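So the structure is just underneath, and the comments pick up after that.
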Amino acid sequence: MALHGFLQGYRGYADTQALGDALKALQEEGLDQLPLPGSGQTLARFSGLAQVAGHDLRLCKLFEGHTDALAIIAELDSPLPPLGSTWGMWASEPPTAKVRVRHAGQRLVVDGRKAWCSGAAVVSHGLLTAWDEEDRQQLVAVAMDQPGVTVTDEGWSAVGMAATGSVEVLFREAWGVAVGGPGDYLSRPGFWHGGIGIAACWYGAAQRLGEVLRAHCAQRPEPHALAHLGAVDSALNSAACVLRASAGQIDREPGADARQLAQQARACIEDTVEQVMHHVGRGVGAGPYCKDPHFAQLMADLPVYVRQSHAERDLAALGEQVAGEPLGRWQL
């Protein structure tokens with residue numbers, strides 16, 4: 001309820017700085033302290049992410065990254081984040097942007113270019129993947145307010161999600177601190193828990209779009225719009241069941257390999273998003289696209305956000321796991 005009440009007081013974000021101010025306000029109110037995955041309250045974590053997503057996906061992008069970084073730091077038993085800090089979590093590694101680290105005593109020296117760093121200009125710290133002297137992936141925490149860090153205006157020309165400022169950052173002899181050991185980012189159970197958390201964000205935005213269609217039908221119960229609403233209800237109900245079941249499974253076995261669980265959940269939620277956008281758009285017509293700023297922003301942002309999925313590549317990876325399993329896995 002506290003998160004819902006806070007979000008009600010914020011409407012419209014003109015730019016990245018406005019998003020950063022809102023993230024900082026959330027942090028100062030303690031609303032960034034979501035239950036950790038596997039803590040017994042994973043569904044509450046997913047619900048919090050979904051609430052922020054339904055409010056504004058651009059803010060959710062920064063909020064999800066910040067809360068994910070906090071969860072990773074806790075999972076890897078790293079030193080507590082500085083009081084009042086806000087975090088970006090940056091793990092994208094296209095071929096043209098790779099960060100290297102080398103050891104210098106207890107600290108790491110960070111060099112290279114990191115791509116798609118959402119909120120880089122407005123967070124106090126970044127948690128990023130890099131590669132050490134032995135070419136092993138290593139998580140490193142970097143304070144953004146130091147001479148060796150340059151936040152560029154390059155690499156981000158999006159229309160949807162534009163205000164997230166997901167630009168490239170240059171590190172030149174910057175200081176950082178190792179978080180966990182080499183390989184820990186991908187090998188920890190929480191990697192896949194976080195992937196389901198992102199799907200909860202997709203769901204939150206789709207749910208909010210569905211509410212627009214529901215309100216439309218409540219005012220004008222036109223048969224075709226009602227049919228679209230029925231399809232939306234079916235899709236959202238199925239997706240909600242998947243997220244609830246996934247949260248329960250994570251809480252029952254927090255240390256288990258959740259790769260297949262995450263890939264199944266993300267595939268389901270991505271399909272739900274596509275169905276909801278299709279049916280809502282056809283059901284409400286042009287009006288909300290042109291006259292409802294919140295609706296129009298979500299419709300522009302959601303296709304960009306959901307591309308954190310790798311589409312058919314992710315489905316193929318899931319299919320590869322399932323192909324070798326015995327018959328009967330889908331029986332009730």
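Going through the structure tokens in order, the chains are called A, B, and so on, while each chain numbers its residues from 1 and the ligands are numbered from 1 in the order shown.
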I'd like the neighbourhood of A:Phe6 as a compact mmCIF listing (two decimals) with all heavy atoms, in the first residue's frame, where a residue qualifies if any of its atoms comes within 9 Å (using only C-alpha atoms), though same-chain residues fewer than 4 positions away should be ignored.
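Writing the result to around-v7.txt gives the following:
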```
# COMPACT_ATOMS: atom_id res chain seq x y z
N MET A 1 0.82 -1.20 0.00
CA MET A 1 0.00 0.00 0.00
C MET A 1 0.85 1.25 0.00
O MET A 1 0.52 2.25 -0.63
CB MET A 1 -0.93 -0.03 1.23
CG MET A 1 -2.03 -1.07 1.14
SD MET A 1 -3.15 -0.79 -0.25
CE MET A 1 -3.91 0.74 0.24
N ALA A 2 1.98 1.21 0.74
CA ALA A 2 2.85 2.39 0.80
C ALA A 2 3.41 2.72 -0.58
O ALA A 2 3.47 3.89 -0.97
CB ALA A 2 3.98 2.15 1.79
N TYR A 10 3.16 10.80 -8.05
CA TYR A 10 4.06 11.11 -9.15
C TYR A 10 3.34 10.89 -10.47
O TYR A 10 2.80 9.81 -10.72
CB TYR A 10 5.31 10.23 -9.09
CG TYR A 10 6.38 10.75 -8.17
CD1 TYR A 10 6.29 10.57 -6.80
CD2 TYR A 10 7.48 11.44 -8.67
CE1 TYR A 10 7.26 11.05 -5.93
CE2 TYR A 10 8.47 11.92 -7.82
CZ TYR A 10 8.35 11.72 -6.45
OH TYR A 10 9.32 12.20 -5.61
N LEU A 26 12.06 7.14 -3.93
CA LEU A 26 11.67 5.78 -3.54
C LEU A 26 12.68 5.20 -2.56
O LEU A 26 12.32 4.57 -1.56
CB LEU A 26 11.57 4.89 -4.78
CG LEU A 26 10.33 5.05 -5.65
CD1 LEU A 26 10.56 4.45 -7.02
CD2 LEU A 26 9.12 4.39 -4.97
N GLU A 29 12.44 6.75 0.93
CA GLU A 29 11.26 6.29 1.67
C GLU A 29 11.37 4.81 2.06
O GLU A 29 10.47 4.27 2.71
CB GLU A 29 10.00 6.49 0.82
CG GLU A 29 9.61 7.94 0.61
CD GLU A 29 9.17 8.63 1.88
OE1 GLU A 29 8.49 7.96 2.70
OE2 GLU A 29 9.51 9.81 2.07
N LEU A 31 11.18 2.35 0.03
CA LEU A 31 10.31 1.55 -0.82
C LEU A 31 11.07 0.71 -1.82
O LEU A 31 10.47 -0.07 -2.57
CB LEU A 31 9.32 2.47 -1.54
CG LEU A 31 8.37 3.24 -0.60
CD1 LEU A 31 7.54 4.24 -1.39
CD2 LEU A 31 7.47 2.28 0.17
```
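Residues in contact range of stretch 110-113 of chain A, defined as at most 8 Å between only C-alpha atoms, with sequence neighbours fewer than 3 positions away removed, read Ala97, Lys98, Val99, Arg100, Val101, Arg102, Glu168, Val169, Leu170, Phe171, Arg172, Glu173, Ala174, Trp175 and Gly176 of chain A.
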Self-check item: Contact residues around A:Trp116 with only C-alpha atoms at 6 Å, ignoring same-chain residues under 2 positions, as a PyMOL selection string
Solution: chain A and resi 118+166-168
Can you build me a table of stretch 135-220 of chain A residues sitting at most 10 Å from stretch 85-92 of chain A, with the closest atom pair per residue and its distance in Å to one decimal, using only C-alpha atoms, sorted by chain and residue number, as a tab-separated table?
```
residue	atom	partner	partner_atom	distance
A:Leu139	CA	A:Ala91	CA	8.9
A:Ala141	CA	A:Trp87	CA	9.2
A:Val142	CA	A:Trp87	CA	9.6
A:Ala143	CA	A:Trp87	CA	9.3
A:Met144	CA	A:Trp87	CA	9.6
A:Ser166	CA	A:Trp90	CA	9.7
A:Tyr185	CA	A:Ala91	CA	9.3
```
Quiz item: Counting only C-alpha atoms, what is within 10 Å of stretch 215-218 of chain A, bar same-chain residues fewer than 2 positions away, as a list in words?
Solution: Gly210, Glu211, Val212, Leu213, Arg220, Pro221, Glu222, Pro223, His224, Ala225, Leu226, Ala227, His228, Leu229, Val280, Gly283, Val284 and Pro288 of chain A
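Across the model, the gap from atom CA of A:Leu23 to atom CA of A:Gln138 is 26.4 Å.
Proximity to A:Thr150 was assessed for A:Ala323, A:Val177, A:Leu70, A:Ala120 counting only C-alpha atoms; the smallest distance is recorded for A:Ala120.
In terms of minimum interatomic distance to A:His294, A:Ala205 ranks closest within A:Ser39, A:Ala205, A:Ile72, A:Ala178, counting only C-alpha atoms.
Between A:Gln264 and the candidates A:Val159, A:Ala247, A:Leu315, A:Ala206, the tightest atom-to-atom separation, counting only C-alpha atoms, involves A:Leu315.
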Quiz prompt | Contact residues around A:Gly20 with only C-alpha atoms at 8 Å, ignoring same-chain residues under 6 positions, as a VMD selection string | solution = chain A and resid 62 119 122 to 123
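Comparing the minimum interatomic distances between A:Tyr13 and each of A:Ala267, A:Ile73, A:Cys60, A:Val109, counting only C-alpha atoms, we find that A:Cys60 sits nearest.
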Quiz item: Skipping near chain neighbours, those fewer than 3 positions away, what residues fall within 7 Å of A:Leu318 using only C-alpha atoms, listed as a ChimeraX atom specification?
Solution: /A:260,263,314-315,321-322
Exercise. Just the residues within 10 Å of A:Asp257, please, counting only C-alpha atoms, with nothing from its chain fewer than 5 positions along; format it as a ChimeraX atom specification.
Key: /A:187-193,250,262
Self-check item: Residues flagged strand (DSSP E or B) by DSSP in stretch 139-235 of chain A, as a list in words
Solution: Leu139, Val140, Ala141, Val142, Ala143, Val149, Thr150, Val151, Val167, Glu168, Val169, Leu170, Phe171, Arg172, Glu173, Ala174, Trp175, Gly176, Val177, Ala178 and Val179 of chain A
Between stretch 203-301 of chain A and stretch 55-59 of chain A, at 9 Å or less, what are the per-residue closest atom pairs and their distances in Å? Count only C-alpha atoms, order by chain and rising residue number, and return it as a Markdown table.
```
| residue | atom | partner | partner_atom | distance |
| --- | --- | --- | --- | --- |
| A:Gly204 | CA | A:His55 | CA | 8.5 |
| A:Ala205 | CA | A:Leu57 | CA | 7.0 |
| A:Arg208 | CA | A:His55 | CA | 7.9 |
| A:His294 | CA | A:Asp56 | CA | 7.9 |
| A:Gln297 | CA | A:Asp56 | CA | 8.1 |
| A:Leu298 | CA | A:Leu57 | CA | 6.8 |
| A:Asp301 | CA | A:Leu57 | CA | 6.6 |
```
